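Okay, upload-v5.txt is below, compact mmCIF, C-alpha atoms:
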```
# COMPACT_ATOMS: atom_id res chain seq x y z
CA MET R 25 72.07 90.29 65.64
CA VAL R 26 71.57 93.96 64.80
CA TYR R 27 68.80 94.44 67.36
CA GLN R 28 70.90 93.29 70.30
CA PRO R 29 73.77 95.09 72.04
CA PRO R 30 77.24 93.51 71.94
CA ALA R 31 77.97 90.77 74.47
CA GLY R 32 78.81 92.33 77.81
CA ALA R 33 77.26 95.71 76.94
CA ARG R 34 74.03 97.17 78.21
CA ASP R 35 71.82 100.17 77.62
CA LEU R 36 70.67 102.63 80.29
CA LEU R 37 67.04 103.66 79.91
CA PRO R 38 65.84 107.11 81.09
CA ILE R 39 64.91 105.88 84.60
CA ASP R 40 68.30 104.15 84.88
CA VAL R 41 70.01 107.41 83.95
CA VAL R 42 67.96 109.38 86.48
CA GLN R 43 68.94 106.98 89.27
CA LYS R 44 72.59 106.93 88.20
CA ARG R 45 72.71 110.73 88.08
CA TRP R 46 71.07 110.92 91.52
CA ILE R 47 74.07 109.06 92.94
CA GLU R 48 76.64 110.94 90.88
CA ASP R 49 75.21 114.38 91.65
CA ARG R 50 75.50 113.80 95.39
CA LEU R 51 79.05 112.53 95.08
CA GLU R 52 80.02 115.53 92.94
CA GLN R 53 78.63 117.93 95.52
CA VAL R 54 80.88 116.35 98.12
CA PHE R 55 83.91 116.44 95.81
CA HIS R 56 83.32 120.13 95.12
CA GLY R 57 82.92 120.86 98.80
CA TRP R 58 86.34 119.34 99.51
CA GLY R 59 88.04 121.42 96.82
CA TYR R 60 88.32 118.80 94.07
CA HIS R 61 88.07 119.65 90.37
CA ARG R 62 86.85 117.36 87.63
CA ILE R 63 89.26 115.89 85.10
CA ILE R 64 88.25 114.03 81.93
CA THR R 65 90.84 111.78 80.35
CA SER R 66 90.83 109.75 77.16
CA THR R 67 88.77 106.57 77.05
CA LEU R 68 91.49 105.10 74.84
CA GLU R 69 95.00 104.60 76.18
CA ARG R 70 98.18 103.06 74.88
CA MET R 71 98.65 99.60 76.30
CA ASP R 72 102.09 100.49 77.65
CA THR R 73 100.47 103.32 79.64
CA LEU R 74 97.92 100.96 81.16
CA MET R 75 100.46 98.25 81.92
CA ALA R 76 103.18 100.52 83.35
CA GLY R 77 102.03 100.36 86.96
CA GLY R 78 101.80 96.57 87.04
CA ALA R 79 98.28 96.76 88.45
CA ILE R 80 96.42 95.50 85.38
CA GLU R 81 96.46 92.12 83.69
CA ARG R 82 96.71 92.44 79.91
CA SER R 83 94.04 89.77 79.41
CA THR R 84 91.47 91.93 81.24
CA VAL R 85 91.93 94.93 78.91
CA ILE R 86 89.62 95.26 75.93
CA GLN R 87 92.10 95.94 73.14
CA LEU R 88 91.35 97.59 69.81
CA GLN R 89 92.70 96.94 66.36
CA ASN R 90 94.83 99.83 65.19
CA ILE R 91 96.38 100.44 61.78
CA GLN R 92 99.25 102.28 63.46
CA GLU R 93 101.92 100.62 65.55
CA ASP R 94 100.52 101.64 68.95
CA GLU R 95 98.60 98.99 70.85
CA LEU R 96 95.45 100.61 72.21
CA GLY R 97 93.01 99.56 74.91
CA LEU R 98 89.90 100.87 76.63
CA ARG R 99 90.77 102.14 80.10
CA PRO R 100 89.96 99.61 82.86
CA GLU R 101 90.45 102.26 85.56
CA LEU R 102 91.29 105.98 85.80
CA THR R 103 94.37 106.26 88.02
CA ALA R 104 96.90 105.43 85.30
CA SER R 105 95.28 107.89 82.86
CA ILE R 106 95.20 110.67 85.45
CA ALA R 107 98.81 109.98 86.46
CA ARG R 108 99.89 110.23 82.82
CA THR R 109 97.92 113.43 82.31
CA ALA R 110 99.18 115.06 85.49
CA VAL R 111 102.88 114.68 84.75
CA THR R 112 102.69 115.43 81.01
CA ARG R 113 99.91 118.02 80.65
CA MET R 114 99.96 119.65 84.11
CA ALA R 115 103.71 119.99 84.60
CA ASP R 116 103.56 123.64 85.73
CA VAL R 117 100.75 123.35 88.28
CA HIS R 118 101.19 123.79 92.00
CA TYR R 119 100.77 120.76 94.20
CA PRO R 120 98.78 119.33 95.79
CA GLN R 121 96.28 118.79 93.00
CA ARG R 122 92.80 117.59 93.97
CA LEU R 123 91.13 115.89 90.99
CA TYR R 124 87.92 113.89 90.66
CA TYR R 125 86.33 111.91 87.88
CA ASN R 126 82.99 110.44 86.94
CA ALA R 127 83.45 108.11 84.00
CA ASN R 128 82.95 104.74 82.38
CA VAL R 129 85.65 102.07 82.48
CA PHE R 130 85.95 98.80 80.61
CA GLY R 131 87.24 95.39 81.53
CA ARG R 132 86.64 91.68 81.45
CA THR R 133 87.62 88.65 83.48
CA PRO R 134 90.70 86.81 82.21
CA GLU R 135 88.61 83.77 81.29
CA PHE R 136 86.05 86.05 79.51
CA LYS R 137 82.60 84.58 79.88
CA HIS R 138 79.90 85.37 77.35
CA ASN R 139 77.54 88.21 78.35
CA ARG R 140 79.65 89.12 81.43
CA GLN R 141 79.38 92.89 81.90
CA GLN R 142 82.32 94.77 80.37
CA GLU R 143 81.40 98.43 80.86
CA PHE R 144 81.22 99.95 84.34
CA TYR R 145 80.89 103.39 85.91
CA GLN R 146 83.10 104.85 88.61
CA ALA R 147 83.36 108.10 90.52
CA GLY R 148 86.47 108.86 92.52
CA VAL R 149 89.33 111.18 93.40
CA GLU R 150 93.09 111.41 93.08
CA LEU R 151 94.99 113.57 95.57
CA LEU R 152 98.35 114.22 93.91
CA GLY R 153 101.38 115.75 95.59
CA GLY R 154 100.24 115.06 99.13
CA GLY R 155 102.04 112.57 101.35
CA GLY R 156 101.75 111.66 104.98
CA LEU R 157 99.09 111.52 107.65
CA VAL R 158 96.90 114.45 106.61
CA ALA R 159 96.55 113.34 102.98
CA ASP R 160 95.76 109.75 103.96
CA ALA R 161 93.21 110.95 106.49
CA GLU R 162 91.60 113.30 103.96
CA VAL R 163 91.00 110.48 101.48
CA LEU R 164 89.48 108.16 104.09
CA LEU R 165 87.31 110.90 105.57
CA LEU R 166 86.22 111.92 102.08
CA VAL R 167 85.00 108.37 101.48
CA ALA R 168 82.95 108.64 104.66
CA ALA R 169 81.54 112.02 103.58
CA CYS R 170 80.49 110.56 100.20
CA LEU R 171 78.61 107.66 101.75
CA GLN R 172 76.99 109.95 104.32
CA ALA R 173 75.75 112.13 101.43
CA LEU R 174 74.09 109.01 100.02
CA ASN R 175 72.70 108.16 103.47
CA LEU R 176 74.23 104.72 103.08
CA GLN R 177 73.85 102.42 106.06
CA ASN R 178 75.85 99.41 107.28
CA TRP R 179 79.18 99.99 105.59
CA HIS R 180 82.75 99.89 106.82
CA LEU R 181 86.33 100.45 105.74
CA ILE R 182 88.86 97.64 105.58
CA VAL R 183 92.26 99.34 105.83
CA GLY R 184 95.65 97.78 105.25
CA GLU R 185 99.15 99.15 104.76
CA ALA R 186 100.99 97.73 101.76
CA GLY R 187 104.34 99.12 102.84
CA ILE R 188 104.18 97.39 106.22
CA THR R 189 102.99 94.10 104.79
CA GLN R 190 105.67 94.13 102.08
CA SER R 191 108.29 94.88 104.72
CA LEU R 192 107.12 91.97 106.87
CA LEU R 193 107.44 89.67 103.85
CA LYS R 194 111.16 90.41 103.53
CA ALA R 195 111.89 87.80 106.21
CA PHE R 196 110.89 85.00 103.82
CA PRO R 197 113.22 83.30 101.32
CA ALA R 198 113.30 85.04 97.94
CA ASN R 199 112.21 81.91 96.08
CA LEU R 200 109.05 81.62 98.24
CA LYS R 201 108.18 85.26 98.73
CA ASN R 202 105.74 85.50 95.80
CA GLN R 203 103.97 82.31 96.89
CA ILE R 204 103.66 83.60 100.46
CA ARG R 205 102.39 86.93 99.18
CA THR R 206 99.79 85.28 96.94
CA ALA R 207 98.66 83.00 99.78
CA ILE R 208 98.21 86.00 102.11
CA ALA R 209 96.41 88.03 99.42
CA ASN R 210 94.00 85.12 98.90
CA LEU R 211 93.73 84.24 102.62
CA ASP R 212 94.94 80.76 101.67
CA ARG R 213 96.05 79.09 104.93
CA VAL R 214 96.33 75.70 103.23
CA ALA R 215 98.94 77.03 100.79
CA ILE R 216 101.05 78.31 103.70
CA ASP R 217 100.94 74.87 105.31
CA THR R 218 102.20 73.20 102.14
CA LEU R 219 105.21 75.49 101.59
CA SER R 220 108.70 74.44 102.65
CA LEU R 221 109.14 76.80 105.60
CA SER R 222 110.69 76.60 109.04
CA ASP R 223 108.24 76.51 111.93
CA GLU R 224 109.21 80.09 112.82
CA LEU R 225 108.54 81.42 109.29
CA ARG R 226 105.32 79.42 108.97
CA ASP R 227 104.08 80.93 112.23
CA ARG R 228 105.11 84.37 110.97
CA ALA R 229 103.14 83.88 107.74
CA LYS R 230 100.05 82.84 109.70
CA ILE R 231 100.36 85.82 112.03
CA ILE R 232 100.48 88.16 109.01
CA LEU R 233 97.45 86.39 107.55
CA ASP R 234 95.60 86.88 110.85
CA LEU R 235 96.40 90.59 111.24
CA ARG R 236 92.76 91.48 110.74
CA GLY R 237 90.11 92.81 113.11
CA LYS R 238 89.68 95.65 115.58
CA SER R 239 92.50 98.15 115.16
CA ALA R 240 93.70 97.91 118.78
CA ASP R 241 93.92 94.11 118.58
CA VAL R 242 95.79 94.14 115.26
CA LEU R 243 98.25 96.81 116.37
CA GLN R 244 98.96 94.84 119.52
CA LYS R 245 99.46 91.56 117.62
CA ILE R 246 101.86 93.06 115.10
CA HIS R 247 104.33 93.89 117.86
CA THR R 248 104.91 90.16 118.37
CA LEU R 249 106.80 90.11 115.04
CA ASN R 250 109.97 91.81 116.40
CA LEU R 251 109.77 94.94 114.28
CA ASP R 252 112.86 96.84 113.22
CA GLU R 253 113.06 100.63 113.58
CA HIS R 254 111.69 101.36 110.10
CA GLN R 255 108.77 98.94 110.55
CA GLN R 256 107.98 100.37 113.98
CA GLN R 257 107.81 103.89 112.54
CA ALA R 258 105.45 102.70 109.80
CA VAL R 259 103.23 101.04 112.41
CA ASN R 260 103.25 104.23 114.50
CA ASN R 261 102.14 106.21 111.46
CA LEU R 262 99.34 103.73 110.77
CA SER R 263 98.28 103.88 114.41
CA ALA R 264 98.08 107.68 114.25
CA LEU R 265 95.95 107.48 111.09
CA VAL R 266 93.57 104.95 112.61
CA GLU R 267 93.22 107.05 115.75
CA LEU R 268 92.41 110.12 113.66
CA ILE R 269 89.78 108.33 111.57
CA GLU R 270 88.13 106.59 114.51
CA ALA R 271 88.04 109.82 116.52
CA GLY R 272 85.62 111.28 113.98
CA GLY R 273 83.12 108.51 114.63
CA ASN R 274 81.91 108.70 111.03
CA CYS R 275 82.76 105.19 109.96
CA SER R 276 83.47 101.69 111.17
CA LEU R 277 87.05 100.60 110.50
CA ILE R 278 88.60 97.15 110.31
CA LEU R 279 92.39 97.00 110.19
CA ASP R 280 93.64 94.27 107.86
CA LEU R 281 97.37 93.92 107.20
CA SER R 282 96.65 90.80 105.15
CA LEU R 283 94.93 93.10 102.64
CA ILE R 284 97.57 93.11 99.93
CA LYS R 285 97.40 92.83 96.20
CA THR R 286 99.60 90.55 94.15
CA PHE R 287 101.23 93.55 92.43
CA ASP R 288 103.37 96.48 93.64
CA TYR R 289 100.96 99.26 92.69
CA TYR R 290 100.36 100.50 96.24
CA THR R 291 103.08 101.76 98.57
CA GLY R 292 101.12 102.81 101.67
CA ILE R 293 97.58 102.55 102.92
CA ILE R 294 95.26 100.38 100.91
CA PHE R 295 91.55 100.02 101.59
CA GLU R 296 88.23 98.62 100.50
CA VAL R 297 84.78 100.08 101.15
CA VAL R 298 82.39 97.27 102.03
CA SER R 299 78.61 97.33 102.38
CA ASN R 300 76.65 94.71 104.29
CA ILE R 301 72.91 94.96 103.61
CA ASP R 302 70.56 92.04 104.32
CA ASN R 303 73.57 89.82 105.05
CA GLN R 304 74.93 90.46 101.56
CA THR R 305 78.50 91.74 101.48
CA ARG R 306 79.49 93.88 98.53
CA VAL R 307 82.68 95.83 97.82
CA ILE R 308 81.50 99.29 96.73
CA GLY R 309 84.86 101.02 96.44
CA SER R 310 88.60 100.76 96.91
CA GLY R 311 91.72 102.88 96.97
CA GLY R 312 95.11 103.52 98.42
CA ARG R 313 98.47 105.28 98.20
CA TYR R 314 100.78 104.96 95.18
CA ASP R 315 103.91 107.08 95.66
CA GLN R 316 105.94 105.65 92.75
CA LEU R 317 103.26 105.50 90.06
CA LEU R 318 103.55 109.05 88.68
CA GLY R 319 107.29 108.62 88.26
CA LEU R 320 106.64 105.91 85.67
CA TYR R 321 105.06 108.53 83.39
CA HIS R 322 107.15 111.58 84.32
CA PRO R 323 109.62 112.66 81.58
CA GLN R 324 112.37 112.91 84.24
CA ALA R 325 111.07 109.91 86.23
CA LYS R 326 110.25 112.22 89.13
CA ASN R 327 108.13 110.59 91.81
CA ILE R 328 105.12 112.57 93.03
CA PRO R 329 103.10 111.07 95.90
CA GLY R 330 99.51 110.20 95.22
CA THR R 331 96.50 108.64 96.87
CA GLY R 332 92.86 108.21 95.94
CA PHE R 333 89.85 105.96 95.62
CA ALA R 334 87.11 104.84 93.27
CA LEU R 335 83.48 104.21 94.16
CA PHE R 336 81.63 101.71 92.00
CA ILE R 337 78.38 103.24 90.77
CA GLU R 338 76.61 99.98 89.85
CA ASP R 339 77.36 98.49 93.25
CA LEU R 340 76.16 101.64 95.01
CA TYR R 341 72.99 101.46 92.90
CA HIS R 342 72.28 97.88 94.00
CA VAL R 343 72.89 98.76 97.64
CA LEU R 344 70.63 101.82 97.47
CA LEU R 345 67.91 100.20 95.38
CA ASN R 346 65.83 99.05 98.35
CA SER R 347 66.51 102.11 100.49
CA GLY R 348 63.64 104.13 98.99
CA GLN R 349 65.98 107.01 98.16
CA LEU R 350 66.47 106.51 94.44
CA PRO R 351 63.96 108.24 92.14
CA GLN R 352 61.31 105.85 90.88
CA THR R 353 60.16 107.92 87.90
CA THR R 354 61.67 110.31 85.40
CA PRO R 355 60.82 113.98 86.06
CA ALA R 356 57.53 115.09 84.56
CA SER R 357 57.34 118.10 82.28
CA ASN R 358 55.82 121.24 83.79
CA TRP R 359 53.93 122.38 80.71
CA LEU R 360 52.37 121.07 77.52
CA VAL R 361 52.03 123.83 74.92
CA VAL R 362 49.41 123.31 72.21
CA ALA R 363 49.03 125.28 68.98
CA GLU R 364 45.27 125.37 68.35
CA ASN R 365 45.84 125.43 64.55
CA ASN R 366 48.70 125.62 62.05
CA SER R 367 48.69 129.39 62.11
CA ALA R 368 49.46 129.32 65.84
CA ILE R 369 52.52 127.02 65.64
CA ALA R 370 55.15 129.80 65.56
CA THR R 371 53.41 131.61 68.40
CA ALA R 372 53.24 128.38 70.42
CA PHE R 373 56.98 127.77 69.98
CA ALA R 374 57.68 131.33 71.11
CA TYR R 375 55.53 130.89 74.23
CA ALA R 376 57.23 127.59 75.04
CA GLU R 377 60.62 129.29 74.82
CA LYS R 378 59.40 132.06 77.12
CA LEU R 379 58.41 129.47 79.71
CA ARG R 380 61.82 127.78 79.42
CA SER R 381 63.67 131.06 79.97
CA SER R 382 62.85 131.04 83.67
CA THR R 383 65.79 131.32 86.09
CA HIS R 384 65.08 127.75 87.26
CA LEU R 385 64.55 124.65 85.16
CA VAL R 386 61.12 124.50 83.56
CA ARG R 387 60.37 121.46 81.40
CA VAL R 388 58.13 122.32 78.48
CA GLU R 389 56.84 119.93 75.81
CA MET R 390 55.33 120.91 72.51
CA GLU R 391 52.20 119.02 71.49
CA LEU R 392 52.91 117.47 68.09
CA GLY R 393 49.67 117.97 66.24
CA SER R 394 46.77 115.98 67.65
CA SER R 395 43.41 117.42 66.70
CA ASN R 396 41.58 115.81 69.59
CA ALA R 397 41.49 117.90 72.77
CA SER R 398 40.52 114.95 74.95
CA SER R 399 43.49 112.88 73.77
CA ILE R 400 45.80 115.83 74.51
CA GLN R 401 44.38 116.08 78.03
CA GLU R 402 44.72 112.32 78.51
CA TYR R 403 48.36 112.46 77.39
CA ALA R 404 49.08 115.21 79.94
CA ARG R 405 47.42 113.18 82.72
CA ASN R 406 49.36 110.03 81.83
CA LYS R 407 52.67 111.92 81.77
CA GLY R 408 51.96 113.85 84.98
CA ILE R 409 52.06 117.24 83.23
CA PRO R 410 50.15 119.65 85.46
CA GLN R 411 49.43 122.50 83.00
CA ILE R 412 48.41 122.86 79.36
CA ALA R 413 48.76 126.15 77.47
CA TRP R 414 46.39 126.40 74.50
CA ILE R 415 47.82 129.00 72.10
CA LYS R 416 45.96 130.94 69.37
CA ALA R 417 47.60 132.60 66.38
CA ASP R 418 47.05 136.10 67.81
CA GLY R 419 49.07 135.18 70.89
CA SER R 420 46.15 134.81 73.24
CA LYS R 421 46.23 131.73 75.41
CA THR R 422 44.13 129.59 77.69
CA ILE R 423 45.81 127.90 80.68
CA GLU R 424 44.31 124.62 81.81
CA SER R 425 45.23 122.84 85.00
CA VAL R 426 45.25 119.09 84.53
CA ASN R 427 43.78 116.90 87.22
CA GLY R 428 45.70 113.66 87.84
```

How does the structure come out when it is put into structure tokens?
Amino acid sequence: MVYQPPAGARDLLPIDVVQKRWIEDRLEQVFHGWGYHRIITSTLERMDTLMAGGAIERSTVIQLQNIQEDELGLRPELTASIARTAVTRMADVHYPQRLYYNANVFGRTPEFKHNRQQEFYQAGVELLGGGGLVADAEVLLLVAACLQALNLQNWHLIVGEAGITQSLLKAFPANLKNQIRTAIANLDRVAIDTLSLSDELRDRAKIILDLRGKSADVLQKIHTLNLDEHQQQAVNNLSALVELIEAGGNCSLILDLSLIKTFDYYTGIIFEVVSNIDNQTRVIGSGGRYDQLLGLYHPQAKNIPGTGFALFIEDLYHVLLNSGQLPQTTPASNWLVVAENNSAIATAFAYAEKLRSSTHLVRVEMELGSSNASSIQEYARNKGIPQIAWIKADGSKTIESVNG
């Protein structure tokens, strides 16, 4: 029906926009303070660009009909688009590059249910060209700085390490590895019990699944898995990162080496940002390291390390809604300018423009032609406009303060 938005779409009214911008403005201030610069990439992408990293299911992408041969889709996330842009349009820049975005993304569940939301908003960063401890720490500490800027309470980081977890999975038979990986990703203990494994490998799978909790406990438990030299070094690096993050005291951290996706997008740390308000748990962001992704788009297949995160604006909105911080009204205009007759209209417009030329934002409305002074005053009271300027054709004016 022409008077309804498409299924899965929604409109943002002025108060919704004010609240959304309140969140985004505070995040952008933090991004700027950490030296990040905004990048805007295309909403449309080629499907092969979106699918290259293996992190996206084709069925979740909203695809578009195209008279040309290219298959096109609406971006379901920003990392792939930024990776493509960085290696093709920013080839001569010096690394590291600190980039941030504030954009809409599109996606749907594979089973696509009617009226399920399909457009979302995200704000996040990509730190390209930086590997190792300092870059990983910067991204995690930047998450904490963002949530502190929003004065968000009762949140924590769940941090895993995809490289370590993938390495631990190498002990399992090749024909069962994907099933083990899926079971661990889904915390499915029953699936592990039903697989044809030796007692030793079954115990190993359950230990990996249980590598979750306080960092000291998890790091101690992982040493029971008889690590090789490479695995031990990776664990040492993770331990140093955890120590650095926890030393700041800015966030609560849960170490979870069962936190692994069912695709090979991430190569190092992987994390989720989780809020727990009124016993309701909500994932409000996620991120991680992807050191092979940019090479998929690079003309010479050159790998450039990268790490980043996305914060989910709608989820942040729902968490903050009852905090009393979000604006409850749209900003009122500062002035209502009234031309007392038709001959005064040009003069009234000129005075309104003079008011707007202030060095700070001044909101000025023009009155649209009511002949009734009392209705004009009532309009100003209802809209919270504190001052009315009554303008005559000769340029003289009367300023009236409006009582609420």

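With all atoms listed in the file as the atoms that count, the residue of R:Asn427, R:Thr218, R:Thr189, R:Gln142 with the shortest distance to R:Ala33 is R:Gln142.
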
Stretch 270-388 of chain R near stretch 35-53 of chain R within 12 Å: what's each residue's closest atom pair and its distance in Å to one decimal, counting all atoms listed in the file, ordered by chain then ascending residue number, as JSON lines?
```
{"residue": "R:Ala334", "atom": "CA", "partner": "R:Leu51", "partner_atom": "CA", "distance": 11.3}
{"residue": "R:Leu335", "atom": "CA", "partner": "R:Leu51", "partner_atom": "CA", "distance": 9.5}
{"residue": "R:Phe336", "atom": "CA", "partner": "R:Glu48", "partner_atom": "CA", "distance": 10.6}
{"residue": "R:Ile337", "atom": "CA", "partner": "R:Lys44", "partner_atom": "CA", "distance": 7.3}
{"residue": "R:Glu338", "atom": "CA", "partner": "R:Lys44", "partner_atom": "CA", "distance": 8.2}
{"residue": "R:Asp339", "atom": "CA", "partner": "R:Lys44", "partner_atom": "CA", "distance": 10.9}
{"residue": "R:Leu340", "atom": "CA", "partner": "R:Ile47", "partner_atom": "CA", "distance": 8.0}
{"residue": "R:Tyr341", "atom": "CA", "partner": "R:Lys44", "partner_atom": "CA", "distance": 7.2}
{"residue": "R:His342", "atom": "CA", "partner": "R:Lys44", "partner_atom": "CA", "distance": 10.8}
{"residue": "R:Val343", "atom": "CA", "partner": "R:Ile47", "partner_atom": "CA", "distance": 11.4}
{"residue": "R:Leu344", "atom": "CA", "partner": "R:Ile47", "partner_atom": "CA", "distance": 9.2}
{"residue": "R:Leu345", "atom": "CA", "partner": "R:Gln43", "partner_atom": "CA", "distance": 9.2}
{"residue": "R:Gly348", "atom": "CA", "partner": "R:Gln43", "partner_atom": "CA", "distance": 11.4}
{"residue": "R:Gln349", "atom": "CA", "partner": "R:Trp46", "partner_atom": "CA", "distance": 9.2}
{"residue": "R:Leu350", "atom": "CA", "partner": "R:Gln43", "partner_atom": "CA", "distance": 5.7}
{"residue": "R:Pro351", "atom": "CA", "partner": "R:Gln43", "partner_atom": "CA", "distance": 5.9}
{"residue": "R:Gln352", "atom": "CA", "partner": "R:Ile39", "partner_atom": "CA", "distance": 7.2}
{"residue": "R:Thr353", "atom": "CA", "partner": "R:Ile39", "partner_atom": "CA", "distance": 6.1}
{"residue": "R:Thr354", "atom": "CA", "partner": "R:Ile39", "partner_atom": "CA", "distance": 5.5}
{"residue": "R:Pro355", "atom": "CA", "partner": "R:Val42", "partner_atom": "CA", "distance": 8.5}
{"residue": "R:Ala356", "atom": "CA", "partner": "R:Ile39", "partner_atom": "CA", "distance": 11.8}
```

Mind dumping the selected residues with C-alpha atoms as an mmCIF file, keeping the file's coordinate frame?
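Below is the file that was written, again32.cif:
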```cif
data_model
loop_
_atom_site.group_PDB
_atom_site.id
_atom_site.type_symbol
_atom_site.label_atom_id
_atom_site.label_comp_id
_atom_site.auth_asym_id
_atom_site.auth_seq_id
_atom_site.Cartn_x
_atom_site.Cartn_y
_atom_site.Cartn_z
ATOM 1 C CA ALA R 334 87.110 104.840 93.270
ATOM 2 C CA LEU R 335 83.480 104.210 94.160
ATOM 3 C CA PHE R 336 81.630 101.710 92.000
ATOM 4 C CA ILE R 337 78.380 103.240 90.770
ATOM 5 C CA GLU R 338 76.610 99.980 89.850
ATOM 6 C CA ASP R 339 77.360 98.490 93.250
ATOM 7 C CA LEU R 340 76.160 101.640 95.010
ATOM 8 C CA TYR R 341 72.990 101.460 92.900
ATOM 9 C CA HIS R 342 72.280 97.880 94.000
ATOM 10 C CA VAL R 343 72.890 98.760 97.640
ATOM 11 C CA LEU R 344 70.630 101.820 97.470
ATOM 12 C CA LEU R 345 67.910 100.200 95.380
ATOM 13 C CA GLY R 348 63.640 104.130 98.990
ATOM 14 C CA GLN R 349 65.980 107.010 98.160
ATOM 15 C CA LEU R 350 66.470 106.510 94.440
ATOM 16 C CA PRO R 351 63.960 108.240 92.140
ATOM 17 C CA GLN R 352 61.310 105.850 90.880
ATOM 18 C CA THR R 353 60.160 107.920 87.900
ATOM 19 C CA THR R 354 61.670 110.310 85.400
ATOM 20 C CA PRO R 355 60.820 113.980 86.060
ATOM 21 C CA ALA R 356 57.530 115.090 84.560
#
```

Any idea what's packed within 8 Å of stretch 298-306 of chain R, counting all atoms listed in the file, ignoring anything in its chain fewer than 4 positions away? Could you give it as a PyMOL selection string? chain R and resi 177-182+339+343

Output for the residues just chosen: C-alpha atoms as a short mmCIF file (atom, residue, chain, number, x, y, z; two decimals), in the frame of the given file:
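Final file, selection_20.cif:
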```cif
data_model
loop_
_atom_site.label_atom_id
_atom_site.label_comp_id
_atom_site.auth_asym_id
_atom_site.auth_seq_id
_atom_site.Cartn_x
_atom_site.Cartn_y
_atom_site.Cartn_z
CA GLN R 177 73.85 102.42 106.06
CA ASN R 178 75.85 99.41 107.28
CA TRP R 179 79.18 99.99 105.59
CA HIS R 180 82.75 99.89 106.82
CA LEU R 181 86.33 100.45 105.74
CA ILE R 182 88.86 97.64 105.58
CA ASP R 339 77.36 98.49 93.25
CA VAL R 343 72.89 98.76 97.64
#
```

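Shortest atom-to-atom contact with R:Ala372 among R:Gly78, R:Gly419, R:Gly408, R:Gly273: R:Gly419, counting all atoms listed in the file.
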
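Comparing R:Arg108, R:Lys245, R:Lys201, R:His118 by their smallest distance to R:Ala325, the closest is R:Arg108 (using all atoms listed in the file).
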
In Å and to one decimal, atom CA of R:Phe130 is distant from atom CA of R:Ala79 by 14.8 Å

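If you look at atom CA of R:Ala258 and atom CA of R:Leu151, they are 20.7 Å away from each other.
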
Counting all atoms listed in the file, write as JSON, numbers by chain all protein and nucleic acid residues lying at most 10 Å from (49.8, 114.0, 80.1) in the file's frame. {"R": [356, 357, 359, 360, 399, 400, 401, 402, 403, 404, 405, 406, 407, 408, 409, 410, 411, 412, 426, 427, 428]}

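The spacing separating atom CA of R:Arg99 from atom CA of R:Asn210 amounts to 25.6 Å.
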
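Excluding R:Arg380 itself and same-chain residues fewer than 2 positions from it, the residues having an atom within 12 Å of it are Ser357, Asn358, Trp359, Leu360, Val361, Phe373, Ala374, Tyr375, Ala376, Glu377, Lys378, Ser382, Thr383, His384, Leu385, Val386, Arg387, Val388, Glu389 and Met390 of chain R, counting all atoms listed in the file.
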
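Of the residues under consideration (R:Leu166, R:Met71, R:Ile284, R:Val214), R:Met71 shows the shortest atom-to-atom contact distance to R:Leu88 when counting all atoms listed in the file.
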
Can you pull out every residue within 10 Å of R:Gly393, counting only C-alpha atoms, but drop anything in the same chain fewer than 2 positions away, and send it as a list of chain:residue names? R:Val362, R:Ala363, R:Glu364, R:Asn365, R:Asn366, R:Ile369, R:Met390, R:Glu391, R:Ser395, R:Asn396, R:Ile400

With only C-alpha atoms as the basis for distance, which of R:Arg313, R:Ser239, R:Arg113, R:Asp217 is at the shortest distance from R:Ala264? R:Ser239

Residue neighbourhood R:Asp315, 7 Å, all atoms listed in the file, exclusion window fewer than 3 positions, as a list in words: Thr291, Asn327, Ile328, Pro329 and Gly330 of chain R

Could you name the residues that touch R:Arg70 at 6 Å or less, counting only C-alpha atoms, but leaving out those on the same chain fewer than 2 positions away, as an MDAnalysis selection string? chainID R and resid 72:73 95:96

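Closest to R:Gln121 among R:Ser394, R:Thr331, R:Thr248, R:Thr422 is R:Thr331, based on all atoms listed in the file.
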
Calculate, to one decimal in Å, the centre and edge lengths of the box along x, y and z of the file that holds all listed atoms of stretch 244-251 of chain R with 5 Å of margin on each side, and present them as AutoDock Vina command-line options.
```
--center_x 104.5 --center_y 92.5 --center_z 116.9 --size_x 21.0 --size_y 14.8 --size_z 15.2
```
